[in-house]
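Trainee: Sharing a structure with you now.
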Amino acid sequence: DTGVSQDPRHKITKRGQNVTFRCDPISEHNRLYWYRQTLGQGPEFLTYFQNEAQLEKSRLLSDRFSAERPKGSFSTLEIQRTEQGDSAMYLCASSLHQGAGETQYFGPGTRLLVL
Amino acid sequence: GNSVTQMEGPVTLSEEAFLTINCTYTATGYPSLFWYVQYPGEGLQLLLKATKADDKGSNKGFEATYRKETTSFHLEKGSVQVSDSAVYFCALRRNNNDMRFGAGTRLTVKP
């Protein structure tokens with residue numbers, strides 16, 4: 001099964017450190033999304049790519065956050081100078097762009113804990 | 001703005017009971033509507049979807065009908081099983097690709 005994969009699954013870091021997460025989408029999917037999910041809440045959209053182009057960023061994505069998808073395949077999400085409020089599950093999803101009803105397929109997530 | 005409101009949990013049912021999880025939405029235009037399920041320790045999985053008014057999505061015995069007049073997309077199942085225990089998320093997506101999720105409803109089914 002070649003679903004969406006994310007690495008690492010868990011990350012513990014100290015406040016002020018930088019962290020980077022990786023997402024590998026389903027191979028034929030041209031869209032890739034990043035979400036953040038905190039305890040007891042649904043996922044919140046952060047940003048998305050179509051191929052290598054970053055087309056939309058949420059206001060939630062502060063300037064400490066940066067995402068890339070250099071070759072239109074895997075993506076990385078970096079958080080600089082982490083804060084305790086960054087502790088959350090970071091979810092990646094991918095889809096094949098096809099209009100209404102386009103389905104996003106989610107990875108297992110990376111759980112970040114900032115001490 | 002676009003938003004989804006779903007029934008607060010947790011919901012606890014006995015096996016073979018009838019399930020309803022309410023979901024209402026606010027959106028301009030005509031969003032697509034989704035139910036995702038998250039089993040313990042796993043990622044979100046698409047359960048069912050509907051793309052226009054009066055469409056019924058169905059999968060694994062679950063159903064939901066897109067009701068434009070009541071802006072609702074309630075999830076139902078006639079007879080739940082222990083294996084249905086999970087967190088269920090209602091979501092909407094407009095053509096701007098921004099998917100909005102509800103807060104999730106945790107379902108526990110007891111034997």
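Just remember, in the structure tokens the first chain shown is A, the second B, etc., residues are 1-based per chain, and ligands are 1-based in the order shown.
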Quick one: which chain A residues come within 9 Å of chain B, and what is the nearest atom pair for each with the distance in Å to one decimal, counting only C-alpha atoms, rows ordered by chain and ascending number, as JSON lines?

Mentor:
{"residue": "A:Gly40", "atom": "CA", "partner": "B:Ala103", "partner_atom": "CA", "distance": 6.5}
{"residue": "A:Gln41", "atom": "CA", "partner": "B:Ala103", "partner_atom": "CA", "distance": 4.3}
{"residue": "A:Gly42", "atom": "CA", "partner": "B:Ala103", "partner_atom": "CA", "distance": 4.4}
{"residue": "A:Pro43", "atom": "CA", "partner": "B:Phe101", "partner_atom": "CA", "distance": 6.1}
{"residue": "A:Glu44", "atom": "CA", "partner": "B:Arg100", "partner_atom": "CA", "distance": 7.0}
{"residue": "A:Phe45", "atom": "CA", "partner": "B:Met99", "partner_atom": "CA", "distance": 6.8}
{"residue": "A:Thr47", "atom": "CA", "partner": "B:Asp98", "partner_atom": "CA", "distance": 8.9}
{"residue": "A:Tyr48", "atom": "CA", "partner": "B:Asn97", "partner_atom": "CA", "distance": 8.7}
{"residue": "A:Glu56", "atom": "CA", "partner": "B:Asp98", "partner_atom": "CA", "distance": 8.8}
{"residue": "A:Leu91", "atom": "CA", "partner": "B:Gly43", "partner_atom": "CA", "distance": 8.4}
{"residue": "A:Gly99", "atom": "CA", "partner": "B:Asn95", "partner_atom": "CA", "distance": 7.3}
{"residue": "A:Ala100", "atom": "CA", "partner": "B:Thr51", "partner_atom": "CA", "distance": 6.3}
{"residue": "A:Gly101", "atom": "CA", "partner": "B:Thr51", "partner_atom": "CA", "distance": 5.4}
{"residue": "A:Glu102", "atom": "CA", "partner": "B:Ser32", "partner_atom": "CA", "distance": 8.6}
{"residue": "A:Thr103", "atom": "CA", "partner": "B:Leu46", "partner_atom": "CA", "distance": 7.7}
{"residue": "A:Gln104", "atom": "CA", "partner": "B:Leu46", "partner_atom": "CA", "distance": 7.9}
{"residue": "A:Tyr105", "atom": "CA", "partner": "B:Gln45", "partner_atom": "CA", "distance": 6.9}
{"residue": "A:Phe106", "atom": "CA", "partner": "B:Leu44", "partner_atom": "CA", "distance": 5.7}
{"residue": "A:Gly107", "atom": "CA", "partner": "B:Gly43", "partner_atom": "CA", "distance": 5.6}
{"residue": "A:Pro108", "atom": "CA", "partner": "B:Gly43", "partner_atom": "CA", "distance": 4.1}
{"residue": "A:Gly109", "atom": "CA", "partner": "B:Gly43", "partner_atom": "CA", "distance": 6.7}

Trainee: Considering only C-alpha atoms, return as a compact mmCIF listing (two decimals) with C-alpha atoms, in the first residue's frame whatever protein or nucleic-acid residues lie within 12 Å of Ala53 of chain A, sequence-local ones (same chain, fewer than 3 positions apart) excluded.

Mentor:
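Below is the file part07.txt, written as the result:
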# COMPACT_ATOMS: atom_id res chain seq x y z
CA ASN A 30 -0.30 16.55 -7.84
CA ARG A 31 -1.67 18.34 -4.77
CA LEU A 32 -0.21 18.23 -1.29
CA TYR A 33 -1.68 19.83 1.84
CA THR A 47 -0.90 25.49 3.18
CA TYR A 48 -1.04 23.55 -0.05
CA PHE A 49 0.96 22.89 -3.20
CA GLN A 50 0.00 22.04 -6.71
CA GLU A 56 -2.23 29.13 -0.73
CA LYS A 57 -1.14 29.82 2.83
CA ALA A 67 7.02 24.65 3.50
CA GLU A 68 8.61 23.43 0.30
CA ARG A 69 7.92 20.92 -2.40
CA PRO A 70 10.97 21.36 -4.59
CA LYS A 71 10.37 18.70 -7.23
CA GLY A 72 6.64 18.36 -6.96
CA SER A 73 6.95 15.10 -5.05
CA SER A 75 7.31 18.12 0.85

Trainee: Give me, as a short mmCIF file (atom, residue, chain, number, x, y, z; two decimals) with all heavy atoms, in the first residue's frame, all polymer residues having an atom no more than 9 Å from segment 65-78 of chain B, counting only C-alpha atoms and skipping those fewer than 4 positions away in the same chain.

Mentor:
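Output file result25.cif is given in full below:
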data_model
loop_
_atom_site.label_atom_id
_atom_site.label_comp_id
_atom_site.auth_asym_id
_atom_site.auth_seq_id
_atom_site.Cartn_x
_atom_site.Cartn_y
_atom_site.Cartn_z
N GLN B 6 -20.40 20.25 14.33
CA GLN B 6 -20.89 18.89 14.50
C GLN B 6 -21.16 18.60 15.95
O GLN B 6 -20.67 19.29 16.85
CB GLN B 6 -19.94 17.87 13.88
CG GLN B 6 -18.58 17.74 14.53
CD GLN B 6 -17.73 16.69 13.82
OE1 GLN B 6 -16.88 17.00 12.99
NE2 GLN B 6 -17.95 15.42 14.19
N GLU B 16 -25.15 -2.76 17.87
CA GLU B 16 -26.41 -2.88 17.12
C GLU B 16 -27.34 -1.69 17.31
O GLU B 16 -28.45 -1.69 16.74
CB GLU B 16 -27.13 -4.19 17.42
CG GLU B 16 -26.30 -5.42 17.05
CD GLU B 16 -27.04 -6.72 17.26
OE1 GLU B 16 -28.22 -6.68 17.66
OE2 GLU B 16 -26.45 -7.78 17.02
N ALA B 17 -26.95 -0.69 18.06
CA ALA B 17 -27.78 0.51 18.20
C ALA B 17 -27.70 1.35 16.94
O ALA B 17 -26.78 1.21 16.11
CB ALA B 17 -27.31 1.33 19.41
N PHE B 18 -28.68 2.27 16.81
CA PHE B 18 -28.71 3.20 15.68
C PHE B 18 -27.86 4.42 16.01
O PHE B 18 -27.88 4.94 17.13
CB PHE B 18 -30.16 3.63 15.43
CG PHE B 18 -30.32 4.52 14.22
CD1 PHE B 18 -30.46 3.98 12.96
CD2 PHE B 18 -30.33 5.91 14.36
CE1 PHE B 18 -30.60 4.80 11.84
CE2 PHE B 18 -30.49 6.74 13.25
CZ PHE B 18 -30.62 6.18 11.99
N LEU B 19 -27.10 4.87 15.03
CA LEU B 19 -26.20 6.00 15.22
C LEU B 19 -26.63 7.19 14.37
O LEU B 19 -26.93 7.04 13.18
CB LEU B 19 -24.78 5.62 14.82
CG LEU B 19 -23.76 6.78 14.70
CD1 LEU B 19 -23.42 7.32 16.08
CD2 LEU B 19 -22.52 6.33 13.96
N THR B 20 -26.67 8.36 14.98
CA THR B 20 -26.75 9.62 14.24
C THR B 20 -25.72 10.57 14.82
O THR B 20 -25.67 10.75 16.04
CB THR B 20 -28.14 10.28 14.38
OG1 THR B 20 -29.13 9.41 13.86
CG2 THR B 20 -28.17 11.59 13.60
N ILE B 21 -24.91 11.16 13.96
CA ILE B 21 -24.01 12.24 14.36
C ILE B 21 -24.38 13.44 13.50
O ILE B 21 -24.28 13.39 12.28
CB ILE B 21 -22.53 11.89 14.17
CG1 ILE B 21 -22.15 10.66 14.99
CG2 ILE B 21 -21.66 13.08 14.58
CD1 ILE B 21 -20.72 10.20 14.80
N ASN B 22 -24.83 14.50 14.17
CA ASN B 22 -25.30 15.67 13.44
C ASN B 22 -24.15 16.54 12.95
O ASN B 22 -23.14 16.72 13.64
CB ASN B 22 -26.22 16.52 14.32
CG ASN B 22 -27.53 15.83 14.60
OD1 ASN B 22 -27.95 14.94 13.86
ND2 ASN B 22 -28.18 16.23 15.66
N CYS B 23 -24.34 17.10 11.76
CA CYS B 23 -23.37 18.02 11.18
C CYS B 23 -24.13 19.08 10.40
O CYS B 23 -24.98 18.75 9.55
CB CYS B 23 -22.41 17.29 10.24
SG CYS B 23 -21.34 18.38 9.28
N THR B 24 -23.88 20.34 10.70
CA THR B 24 -24.43 21.44 9.91
C THR B 24 -23.29 22.32 9.43
O THR B 24 -22.21 22.33 10.02
CB THR B 24 -25.42 22.29 10.73
OG1 THR B 24 -24.74 22.78 11.89
CG2 THR B 24 -26.63 21.49 11.15
N TYR B 25 -23.53 23.02 8.34
CA TYR B 25 -22.46 23.80 7.75
C TYR B 25 -22.94 25.21 7.42
O TYR B 25 -24.14 25.46 7.28
CB TYR B 25 -21.90 23.12 6.50
CG TYR B 25 -22.86 23.08 5.34
CD1 TYR B 25 -22.92 24.10 4.41
CD2 TYR B 25 -23.74 22.00 5.17
CE1 TYR B 25 -23.80 24.07 3.34
CE2 TYR B 25 -24.62 21.95 4.12
CZ TYR B 25 -24.66 22.99 3.21
OH TYR B 25 -25.55 22.96 2.16
N THR B 26 -21.98 26.08 7.31
CA THR B 26 -22.21 27.44 6.82
C THR B 26 -21.24 27.67 5.68
O THR B 26 -20.03 27.48 5.85
CB THR B 26 -21.95 28.49 7.92
OG1 THR B 26 -22.81 28.23 9.03
CG2 THR B 26 -22.20 29.89 7.41
N ALA B 27 -21.77 28.03 4.53
CA ALA B 27 -20.90 28.26 3.38
C ALA B 27 -21.65 29.06 2.34
O ALA B 27 -22.87 28.95 2.24
CB ALA B 27 -20.43 26.93 2.79
N TYR B 30 -21.76 26.34 -3.22
CA TYR B 30 -22.14 24.94 -3.14
C TYR B 30 -20.93 24.08 -2.80
O TYR B 30 -20.24 23.58 -3.69
CB TYR B 30 -22.76 24.51 -4.47
CG TYR B 30 -23.94 25.38 -4.85
CD1 TYR B 30 -23.79 26.45 -5.73
CD2 TYR B 30 -25.20 25.16 -4.30
CE1 TYR B 30 -24.86 27.26 -6.05
CE2 TYR B 30 -26.27 25.97 -4.62
CZ TYR B 30 -26.10 27.02 -5.49
OH TYR B 30 -27.14 27.83 -5.81
N SER B 32 -18.64 20.88 -1.41
CA SER B 32 -18.68 19.43 -1.29
C SER B 32 -18.58 19.10 0.19
O SER B 32 -17.91 19.80 0.95
CB SER B 32 -17.51 18.80 -2.06
OG SER B 32 -17.63 19.06 -3.44
N LEU B 33 -19.23 18.01 0.59
CA LEU B 33 -19.28 17.64 2.00
C LEU B 33 -18.69 16.25 2.19
O LEU B 33 -18.86 15.37 1.33
CB LEU B 33 -20.72 17.68 2.50
CG LEU B 33 -21.41 19.04 2.38
CD1 LEU B 33 -22.88 18.92 2.77
CD2 LEU B 33 -20.72 20.08 3.27
N PHE B 34 -18.03 16.07 3.32
CA PHE B 34 -17.29 14.84 3.58
C PHE B 34 -17.48 14.39 5.03
O PHE B 34 -17.68 15.20 5.93
CB PHE B 34 -15.77 15.05 3.38
CG PHE B 34 -15.38 15.56 2.02
CD1 PHE B 34 -15.50 16.91 1.70
CD2 PHE B 34 -14.88 14.70 1.07
CE1 PHE B 34 -15.14 17.38 0.44
CE2 PHE B 34 -14.51 15.16 -0.19
CZ PHE B 34 -14.64 16.50 -0.50
N TRP B 35 -17.40 13.09 5.24
CA TRP B 35 -17.18 12.52 6.56
C TRP B 35 -15.88 11.73 6.51
O TRP B 35 -15.69 10.88 5.63
CB TRP B 35 -18.32 11.60 6.98
CG TRP B 35 -19.48 12.33 7.56
CD1 TRP B 35 -20.65 12.65 6.94
CD2 TRP B 35 -19.61 12.82 8.90
NE1 TRP B 35 -21.48 13.32 7.79
CE2 TRP B 35 -20.87 13.43 9.01
CE3 TRP B 35 -18.77 12.79 10.02
CZ2 TRP B 35 -21.31 14.03 10.19
CZ3 TRP B 35 -19.21 13.38 11.19
CH2 TRP B 35 -20.48 14.00 11.28
N LYS B 49 -18.69 10.85 0.91
CA LYS B 49 -18.76 12.24 0.48
C LYS B 49 -19.99 12.47 -0.38
O LYS B 49 -20.59 11.51 -0.90
CB LYS B 49 -17.50 12.63 -0.30
CG LYS B 49 -17.35 11.91 -1.64
CD LYS B 49 -16.05 12.32 -2.34
CE LYS B 49 -15.92 11.64 -3.69
NZ LYS B 49 -14.63 11.95 -4.35
N ALA B 50 -20.35 13.75 -0.54
CA ALA B 50 -21.43 14.14 -1.45
C ALA B 50 -21.08 15.49 -2.04
O ALA B 50 -20.55 16.36 -1.34
CB ALA B 50 -22.76 14.21 -0.70
N THR B 51 -21.32 15.65 -3.32
CA THR B 51 -20.85 16.87 -4.00
C THR B 51 -21.96 17.84 -4.37
O THR B 51 -21.67 18.98 -4.76
CB THR B 51 -20.06 16.51 -5.26
OG1 THR B 51 -20.92 15.76 -6.13
CG2 THR B 51 -18.83 15.69 -4.92
N LYS B 52 -23.23 17.42 -4.28
CA LYS B 52 -24.30 18.36 -4.60
C LYS B 52 -25.54 18.02 -3.79
O LYS B 52 -25.67 16.93 -3.23
CB LYS B 52 -24.61 18.37 -6.09
CG LYS B 52 -25.04 17.06 -6.66
CD LYS B 52 -25.23 17.21 -8.16
CE LYS B 52 -25.83 15.94 -8.77
NZ LYS B 52 -24.97 14.78 -8.63
N ALA B 53 -26.46 18.97 -3.75
CA ALA B 53 -27.68 18.84 -2.95
C ALA B 53 -28.43 17.57 -3.31
O ALA B 53 -28.52 17.18 -4.48
CB ALA B 53 -28.56 20.06 -3.16
N ASP B 54 -28.93 16.91 -2.27
CA ASP B 54 -29.72 15.67 -2.34
C ASP B 54 -28.89 14.43 -2.65
O ASP B 54 -29.43 13.33 -2.67
CB ASP B 54 -30.86 15.79 -3.36
CG ASP B 54 -31.82 16.90 -2.99
OD1 ASP B 54 -32.04 17.13 -1.79
OD2 ASP B 54 -32.33 17.59 -3.91
N ASP B 55 -27.59 14.61 -2.88
CA ASP B 55 -26.72 13.43 -3.04
C ASP B 55 -26.65 12.67 -1.72
O ASP B 55 -26.62 13.28 -0.64
CB ASP B 55 -25.28 13.88 -3.39
CG ASP B 55 -25.04 13.90 -4.87
OD1 ASP B 55 -25.98 13.63 -5.65
OD2 ASP B 55 -23.88 14.19 -5.25
N LYS B 56 -26.59 11.36 -1.81
CA LYS B 56 -26.39 10.53 -0.61
C LYS B 56 -25.06 9.82 -0.76
O LYS B 56 -24.83 9.11 -1.75
CB LYS B 56 -27.51 9.50 -0.46
CG LYS B 56 -27.30 8.58 0.75
CD LYS B 56 -28.34 7.48 0.82
CE LYS B 56 -29.65 8.01 1.33
NZ LYS B 56 -30.63 6.92 1.61
N GLY B 57 -24.18 10.03 0.22
CA GLY B 57 -22.93 9.29 0.27
C GLY B 57 -23.13 8.08 1.16
O GLY B 57 -23.86 8.14 2.16
N SER B 58 -22.49 6.95 0.81
CA SER B 58 -22.64 5.76 1.64
C SER B 58 -21.38 4.91 1.55
O SER B 58 -20.70 4.88 0.51
CB SER B 58 -23.85 4.94 1.22
OG SER B 58 -23.72 4.52 -0.12
N LYS B 60 -19.67 1.31 3.97
CA LYS B 60 -19.56 0.46 5.17
C LYS B 60 -20.80 0.55 6.05
O LYS B 60 -20.70 0.46 7.28
CB LYS B 60 -18.33 0.87 6.00
CG LYS B 60 -17.00 0.72 5.29
CD LYS B 60 -15.85 1.13 6.19
CE LYS B 60 -14.53 1.02 5.47
NZ LYS B 60 -13.39 1.43 6.33
N GLY B 61 -21.96 0.74 5.46
CA GLY B 61 -23.20 0.82 6.22
C GLY B 61 -23.53 2.21 6.73
O GLY B 61 -24.61 2.45 7.26
N CYS B 90 -16.75 15.75 10.32
CA CYS B 90 -17.47 16.29 9.18
C CYS B 90 -16.63 17.41 8.57
O CYS B 90 -15.94 18.14 9.31
CB CYS B 90 -18.82 16.85 9.67
SG CYS B 90 -19.91 17.44 8.37
#

Trainee: To one decimal place in Å, what is the distance between atom CA of Thr28 of chain B and atom CA of His29 of chain A?

Mentor: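 That distance, rounded to one decimal, is 27.8 Å.
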
Trainee: Would you compute the distance between atom CA of Thr38 of chain A and atom CA of Ala64 of chain B? Give it in Å to one decimal.

Mentor: 26.3 Å

Trainee: As a PDB file with N, CA and C atoms, in the first residue's frame, which residues of segment 28-68 of chain B does DSSP assign to strand (DSSP E or B)?

Mentor:
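Saved result, part36.pdb, follows:
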ATOM      1  N   SER B  32     -18.635  20.884  -1.409  1.00  0.00           N
ATOM      2  CA  SER B  32     -18.678  19.434  -1.292  1.00  0.00           C
ATOM      3  C   SER B  32     -18.575  19.095   0.185  1.00  0.00           C
ATOM      4  N   LEU B  33     -19.227  18.012   0.586  1.00  0.00           N
ATOM      5  CA  LEU B  33     -19.277  17.640   1.998  1.00  0.00           C
ATOM      6  C   LEU B  33     -18.694  16.249   2.193  1.00  0.00           C
ATOM      7  N   PHE B  34     -18.027  16.068   3.320  1.00  0.00           N
ATOM      8  CA  PHE B  34     -17.287  14.838   3.581  1.00  0.00           C
ATOM      9  C   PHE B  34     -17.482  14.390   5.026  1.00  0.00           C
ATOM     10  N   TRP B  35     -17.398  13.090   5.236  1.00  0.00           N
ATOM     11  CA  TRP B  35     -17.179  12.520   6.559  1.00  0.00           C
ATOM     12  C   TRP B  35     -15.876  11.734   6.511  1.00  0.00           C
ATOM     13  N   TYR B  36     -14.984  12.065   7.460  1.00  0.00           N
ATOM     14  CA  TYR B  36     -13.742  11.327   7.649  1.00  0.00           C
ATOM     15  C   TYR B  36     -13.822  10.605   8.990  1.00  0.00           C
ATOM     16  N   VAL B  37     -13.093   9.485   9.090  1.00  0.00           N
ATOM     17  CA  VAL B  37     -13.043   8.726  10.331  1.00  0.00           C
ATOM     18  C   VAL B  37     -11.578   8.523  10.719  1.00  0.00           C
ATOM     19  N   GLN B  38     -11.330   8.600  12.008  1.00  0.00           N
ATOM     20  CA  GLN B  38      -9.974   8.392  12.529  1.00  0.00           C
ATOM     21  C   GLN B  38     -10.023   7.297  13.572  1.00  0.00           C
ATOM     22  N   LEU B  44      -6.516  10.069   9.315  1.00  0.00           N
ATOM     23  CA  LEU B  44      -7.897  10.259   8.863  1.00  0.00           C
ATOM     24  C   LEU B  44      -8.137   9.484   7.568  1.00  0.00           C
ATOM     25  N   GLN B  45      -9.292   8.843   7.491  1.00  0.00           N
ATOM     26  CA  GLN B  45      -9.677   8.114   6.281  1.00  0.00           C
ATOM     27  C   GLN B  45     -11.010   8.663   5.798  1.00  0.00           C
ATOM     28  N   LEU B  46     -11.148   8.813   4.498  1.00  0.00           N
ATOM     29  CA  LEU B  46     -12.426   9.227   3.955  1.00  0.00           C
ATOM     30  C   LEU B  46     -13.450   8.130   4.181  1.00  0.00           C
ATOM     31  N   LEU B  47     -14.599   8.499   4.759  1.00  0.00           N
ATOM     32  CA  LEU B  47     -15.674   7.539   4.955  1.00  0.00           C
ATOM     33  C   LEU B  47     -16.689   7.642   3.811  1.00  0.00           C
ATOM     34  N   LEU B  48     -17.147   8.863   3.526  1.00  0.00           N
ATOM     35  CA  LEU B  48     -18.079   9.078   2.426  1.00  0.00           C
ATOM     36  C   LEU B  48     -18.098  10.555   2.073  1.00  0.00           C
ATOM     37  N   LYS B  49     -18.692  10.853   0.913  1.00  0.00           N
ATOM     38  CA  LYS B  49     -18.759  12.243   0.477  1.00  0.00           C
ATOM     39  C   LYS B  49     -19.991  12.467  -0.382  1.00  0.00           C
ATOM     40  N   ALA B  50     -20.349  13.748  -0.545  1.00  0.00           N
ATOM     41  CA  ALA B  50     -21.428  14.138  -1.447  1.00  0.00           C
ATOM     42  C   ALA B  50     -21.078  15.492  -2.041  1.00  0.00           C
ATOM     43  N   LYS B  56     -26.593  11.359  -1.809  1.00  0.00           N
ATOM     44  CA  LYS B  56     -26.387  10.533  -0.615  1.00  0.00           C
ATOM     45  C   LYS B  56     -25.059   9.825  -0.763  1.00  0.00           C
ATOM     46  N   GLY B  57     -24.178  10.032   0.216  1.00  0.00           N
ATOM     47  CA  GLY B  57     -22.934   9.286   0.268  1.00  0.00           C
ATOM     48  C   GLY B  57     -23.130   8.076   1.158  1.00  0.00           C
ATOM     49  N   SER B  58     -22.495   6.952   0.811  1.00  0.00           N
ATOM     50  CA  SER B  58     -22.638   5.759   1.637  1.00  0.00           C
ATOM     51  C   SER B  58     -21.379   4.909   1.548  1.00  0.00           C
ATOM     52  N   ASN B  59     -21.083   4.223   2.657  1.00  0.00           N
ATOM     53  CA  ASN B  59     -19.902   3.360   2.716  1.00  0.00           C
ATOM     54  C   ASN B  59     -19.937   2.588   4.020  1.00  0.00           C
ATOM     55  N   PHE B  62     -22.610   3.161   6.573  1.00  0.00           N
ATOM     56  CA  PHE B  62     -22.848   4.555   6.951  1.00  0.00           C
ATOM     57  C   PHE B  62     -23.477   5.301   5.771  1.00  0.00           C
ATOM     58  N   GLU B  63     -24.337   6.271   6.098  1.00  0.00           N
ATOM     59  CA  GLU B  63     -24.951   7.093   5.061  1.00  0.00           C
ATOM     60  C   GLU B  63     -25.032   8.533   5.542  1.00  0.00           C
ATOM     61  N   ALA B  64     -25.012   9.447   4.584  1.00  0.00           N
ATOM     62  CA  ALA B  64     -25.269  10.858   4.889  1.00  0.00           C
ATOM     63  C   ALA B  64     -25.833  11.494   3.639  1.00  0.00           C
ATOM     64  N   THR B  65     -26.853  12.349   3.818  1.00  0.00           N
ATOM     65  CA  THR B  65     -27.501  13.011   2.686  1.00  0.00           C
ATOM     66  C   THR B  65     -27.261  14.515   2.764  1.00  0.00           C
ATOM     67  N   ARG B  67     -28.238  17.953   2.532  1.00  0.00           N
ATOM     68  CA  ARG B  67     -29.510  18.690   2.600  1.00  0.00           C
ATOM     69  C   ARG B  67     -29.236  20.178   2.535  1.00  0.00           C
TER      70      ARG B  67
END
